[in-house]
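The file model-v1.cif contains mmCIF, C-alpha atoms:
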```
data_input
#
loop_
_atom_site.label_atom_id
_atom_site.label_comp_id
_atom_site.auth_asym_id
_atom_site.auth_seq_id
_atom_site.Cartn_x
_atom_site.Cartn_y
_atom_site.Cartn_z
CA MET A 157 -1.85 0.90 18.93
CA PRO A 158 -5.48 2.06 18.98
CA ASP A 159 -7.96 -0.59 17.77
CA ALA A 160 -9.39 1.92 15.27
CA LEU A 161 -6.20 1.65 13.15
CA ASN A 162 -6.78 -2.05 12.52
CA PRO A 163 -10.39 -2.75 13.55
CA THR A 164 -10.37 -6.30 12.18
CA LEU A 165 -8.05 -7.42 14.98
CA SER A 166 -8.54 -6.58 18.63
CA LYS A 167 -5.62 -5.79 20.90
CA GLN A 168 -5.85 -9.37 22.20
CA ASN A 169 -5.86 -10.76 18.62
CA ARG A 170 -2.74 -8.79 17.74
CA LEU A 171 -0.95 -9.91 20.90
CA GLU A 172 -1.85 -13.57 20.32
CA LEU A 173 -0.75 -13.43 16.69
CA LEU A 174 2.69 -12.10 17.69
CA GLU A 175 3.08 -14.46 20.63
CA TYR A 176 2.12 -17.53 18.57
CA HIS A 177 4.59 -16.48 15.89
CA LYS A 178 7.42 -15.91 18.40
CA ALA A 179 6.74 -19.30 20.02
CA GLY A 180 6.68 -21.04 16.63
CA GLN A 181 3.10 -22.14 17.20
CA GLY A 182 1.63 -20.76 14.00
CA ASP A 183 1.08 -17.64 12.02
CA SER A 184 -2.70 -17.26 12.11
CA ILE A 185 -5.60 -16.48 14.44
CA ASP A 186 -9.32 -15.88 14.05
CA ASN A 187 -10.16 -12.20 13.55
CA ARG A 188 -13.23 -10.41 14.96
CA PHE A 189 -15.34 -11.74 12.06
CA GLY A 190 -14.34 -15.38 12.47
CA ASN A 191 -12.02 -15.38 9.44
CA LYS A 192 -8.34 -16.27 9.58
CA ALA A 193 -5.80 -13.47 9.89
CA TYR A 194 -2.21 -14.31 8.96
CA LEU A 195 1.09 -12.79 9.96
CA SER A 196 2.84 -12.55 6.58
CA ILE A 197 5.99 -10.63 7.53
CA LEU A 198 7.54 -9.77 10.87
CA ASP A 199 10.92 -8.10 10.48
CA THR A 200 12.05 -6.84 13.88
CA LEU A 201 15.32 -5.45 12.51
CA GLN A 202 13.59 -3.26 9.93
CA LYS A 203 10.60 -2.69 12.25
CA TYR A 204 8.14 -3.86 9.63
CA ILE A 205 5.04 -6.03 9.87
CA VAL A 206 2.46 -7.24 7.35
CA VAL A 207 -0.79 -8.91 8.43
CA LYS A 208 -3.34 -10.40 6.05
CA ASN A 209 -6.43 -9.39 8.07
CA THR A 210 -8.97 -11.07 5.80
CA PRO A 211 -8.86 -12.71 2.37
CA ASN A 212 -9.43 -9.20 0.90
CA SER A 213 -7.48 -6.88 3.18
CA THR A 214 -3.91 -6.31 4.30
CA PHE A 215 -2.40 -4.18 7.06
CA GLU A 216 1.23 -2.98 6.93
CA MET A 217 3.09 -1.03 9.56
CA LYS A 218 6.65 0.24 9.46
CA VAL A 219 8.67 2.46 11.77
CA LEU A 220 10.40 5.19 9.76
CA LYS A 221 12.87 7.86 10.81
CA LEU A 222 12.87 11.52 9.92
CA LYS A 223 16.23 13.21 9.25
CA ASN A 224 16.59 14.16 12.91
CA ASP A 225 16.10 10.48 13.88
CA ILE A 226 12.61 11.12 15.20
CA PRO A 227 10.64 7.89 14.71
CA LEU A 228 7.26 7.84 13.04
CA ILE A 229 4.90 5.03 12.20
CA GLY A 230 3.52 4.47 8.72
CA ILE A 231 0.40 2.38 8.21
CA ILE A 232 -0.86 1.13 4.86
CA SER A 233 -4.29 -0.47 4.67
CA THR A 234 -5.20 -2.24 1.42
CA VAL A 235 -8.62 -3.56 0.46
CA CYS A 236 -9.42 -5.60 -2.64
CA ALA A 237 -13.11 -5.43 -3.51
CA PRO A 238 -12.53 -6.56 -6.26
CA VAL A 239 -9.91 -4.03 -7.44
CA CYS A 240 -7.18 -3.32 -4.89
CA GLN A 241 -6.79 0.15 -3.38
CA SER A 242 -4.60 1.37 -0.51
CA LYS A 243 -4.63 4.24 1.90
CA ILE A 244 -1.68 5.44 3.94
CA GLU A 245 -1.42 7.32 7.22
CA PHE A 246 1.42 8.42 9.46
CA TYR A 247 1.57 8.69 13.25
CA ASP A 248 4.03 9.72 15.92
CA THR A 249 4.92 7.21 18.64
CA ALA A 250 2.02 8.49 20.81
CA TRP A 251 -0.39 7.60 17.94
CA ASN A 252 -1.13 11.20 17.00
CA LYS A 253 -1.77 11.52 13.27
CA ILE A 254 0.88 13.55 11.42
CA SER A 255 1.22 14.84 7.86
CA LEU A 256 4.15 13.84 5.65
CA GLN A 257 2.94 15.17 2.28
CA PHE A 258 2.50 11.83 0.52
CA THR A 259 0.37 12.42 -2.56
CA MET A 260 -1.33 9.30 -3.81
CA PRO A 261 -0.24 8.76 -7.42
CA LYS A 262 -2.86 8.74 -10.17
CA ALA A 263 -3.24 6.12 -12.88
CA ILE A 264 -2.46 8.67 -15.62
CA GLU A 265 1.09 8.93 -14.23
CA TRP A 266 1.74 5.48 -15.73
CA ILE A 267 1.04 6.65 -19.31
CA ASN A 268 4.00 5.91 -21.58
CA GLU A 269 4.14 9.10 -23.66
CA SER A 270 6.34 7.62 -26.40
CA ALA A 271 4.01 4.63 -26.85
CA LEU A 272 0.96 6.92 -26.87
CA SER A 273 2.48 9.19 -29.53
CA GLN A 274 2.77 6.20 -31.88
CA GLU A 275 -0.92 5.32 -31.57
CA THR A 276 -4.08 6.99 -32.85
CA ILE A 277 -5.74 6.84 -29.44
CA ASP A 278 -7.18 10.09 -28.16
CA ARG A 279 -5.30 11.21 -25.06
CA LYS A 280 -8.40 12.74 -23.49
CA TRP A 281 -10.28 9.43 -23.89
CA LEU A 282 -7.37 7.61 -22.23
CA GLU A 283 -7.26 10.09 -19.34
CA ASN A 284 -11.02 9.74 -18.85
CA LEU A 285 -10.70 5.96 -18.87
CA LEU A 286 -8.01 6.17 -16.18
CA GLU A 287 -9.85 8.80 -14.14
CA ASN A 288 -10.61 6.27 -11.40
CA SER A 289 -7.23 5.37 -9.97
CA PHE A 290 -6.77 2.13 -8.08
CA ILE A 291 -3.30 2.18 -6.58
CA THR A 292 -1.83 -0.20 -4.03
CA LEU A 293 1.00 0.81 -1.78
CA THR A 294 3.52 -1.22 0.15
CA PHE A 295 6.56 -0.34 2.20
CA ASP A 296 9.98 -1.39 0.98
CA ALA A 297 11.09 -3.65 3.83
CA ALA A 298 14.74 -2.56 3.75
CA ASN A 299 14.46 1.15 2.91
CA GLN A 300 12.42 4.19 3.78
CA GLU A 301 10.44 3.89 0.58
CA ILE A 302 6.87 3.36 -0.53
CA ILE A 303 6.21 1.31 -3.65
CA ALA A 304 3.10 2.11 -5.69
CA LYS A 305 1.46 -0.26 -8.16
CA ASN A 306 -1.25 0.78 -10.62
CA ASN A 307 -4.24 -1.62 -10.59
CA SER A 308 -6.53 0.62 -12.63
CA LEU A 309 -6.62 -1.68 -15.64
CA ASP A 310 -8.37 -4.26 -13.44
CA TYR A 311 -11.30 -1.83 -13.42
CA VAL A 312 -11.74 -1.43 -17.20
CA ASN A 313 -13.42 -3.88 -19.57
CA GLU A 314 -11.35 -6.47 -21.42
CA VAL A 315 -11.53 -4.76 -24.82
CA ASP A 316 -10.26 -1.42 -23.45
CA ARG A 317 -7.67 -3.21 -21.31
CA LYS A 318 -6.11 -4.86 -24.38
CA LEU A 319 -6.05 -1.51 -26.15
CA VAL A 320 -4.65 0.51 -23.24
CA ALA A 321 -2.21 -1.93 -21.58
CA PRO A 322 0.59 -1.34 -24.14
CA LEU A 323 0.32 2.40 -23.50
CA LEU A 324 1.08 2.16 -19.78
CA PHE A 325 4.27 1.44 -17.92
CA ASP A 326 3.80 -1.77 -15.98
CA LYS A 327 6.56 -1.07 -13.51
CA LYS A 328 5.99 0.08 -9.98
CA ARG A 329 6.89 3.57 -8.81
CA SER A 330 9.00 4.15 -5.72
CA TYR A 331 8.85 7.12 -3.38
CA LYS A 332 11.65 7.97 -0.97
CA LEU A 333 11.27 9.88 2.28
CA GLU A 334 13.27 13.12 2.12
CA GLY A 335 12.78 15.47 5.02
CA ARG A 336 9.02 15.45 5.61
CA SER A 337 8.06 14.73 1.98
CA TRP A 338 7.86 11.67 -0.24
CA ILE A 339 9.75 12.18 -3.51
CA LEU A 340 9.36 10.01 -6.62
CA LYS A 341 12.58 8.12 -7.35
CA GLN A 342 13.72 8.37 -10.95
#
```

Here is the file; what I need is its structure written in the form of structure tokens.
Amino acid sequence: MPDALNPTLSKQNRLELLEYHKAGQGDSIDNRFGNKAYLSILDTLQKYIVVKNTPNSTFEMKVLKLKNDIPLIGIISTVCAPVCQSKIEFYDTAWNKISLQFTMPKAIEWINESALSQETIDRKWLENLLENSFITLTFDAANQEIIAKNNSLDYVNEVDRKLVAPLLFDKKRSYKLEGRSWILKQ
């Protein structure tokens, strides 16, 4: 894997982290910045790994399969500063970037329309409040799915948060790989 995909850990850091884990000698190493990096999950059967690079960042990698059994690698990088936000990228096994049509969900997709219709809150005001979306992603360890969580309320002030929280679904949204696209599961 090219260092640019996880610049916090060098190739040597990544190798040591895995070797220490396999040997039962620990689950952490010092990253390039002198902070601890932890191996949170290593699932060799599901080909899934999660590394806590720093206290504020996480790196996930999972091998996925397209319908024709062609493997691809998904990488999710999440940073919390202070509100958590993820980005996702996909690569072939030669580390060439590929497109799989994953559209990052927006915070307004969590609006509970029936709850909103019972309130006197202006929809446009609510949409403007949720204009900045802070969404974290994670891979489902057992399936070819991405789970999205809306963190946007962490960005608004406490008064607005109390007003808006009952108008949003608090559940996570799951996306399943179908062909070369990610489809929202109902």

Shell around Lys262 (chain A) at 12 Å using only C-alpha atoms, local window under 6 positions removed, as a compact mmCIF listing (two decimals) with C-alpha atoms, in the frame of the given file:
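Wrote it out as out35.txt, contents follow:
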```txt
# COMPACT_ATOMS: atom_id res chain seq x y z
CA GLN A 241 -6.79 0.15 -3.38
CA GLU A 283 -7.26 10.09 -19.34
CA ASN A 284 -11.02 9.74 -18.85
CA LEU A 286 -8.01 6.17 -16.18
CA GLU A 287 -9.85 8.80 -14.14
CA ASN A 288 -10.61 6.27 -11.40
CA SER A 289 -7.23 5.37 -9.97
CA PHE A 290 -6.77 2.13 -8.08
CA ILE A 291 -3.30 2.18 -6.58
CA THR A 292 -1.83 -0.20 -4.03
CA ALA A 304 3.10 2.11 -5.69
CA LYS A 305 1.46 -0.26 -8.16
CA ASN A 306 -1.25 0.78 -10.62
CA ASN A 307 -4.24 -1.62 -10.59
CA SER A 308 -6.53 0.62 -12.63
CA ARG A 329 6.89 3.57 -8.81
```

* Asked: How many Å separate CA of Ile185 (chain A) from CA of Tyr204 (chain A)?
  ->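 CA of Tyr204 (chain A) lies at a distance of 19.3 Å from CA of Ile185 (chain A).
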
* To do: With the file shown as input, list the residues that the PyMOL selection byres ((chain A and resi 207) around 6) selects, as a ChimeraX atom specification.
  => /A:194-196,206,208-209,214-215

* Polymer residues at most 10 Å from region 228-237 of chain A, all atoms listed in the file, same-chain spacing of 6 or more positions, as a ChimeraX atom specification -> /A:161-162,203-222,243-254,256,290-295,302

* To do: Work out how far CA of Phe325 (chain A) is from CA of Asn268 (chain A), in Å to one decimal.
  =>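 Pair CA of Asn268 (chain A) / CA of Phe325 (chain A) returns 5.8 Å.
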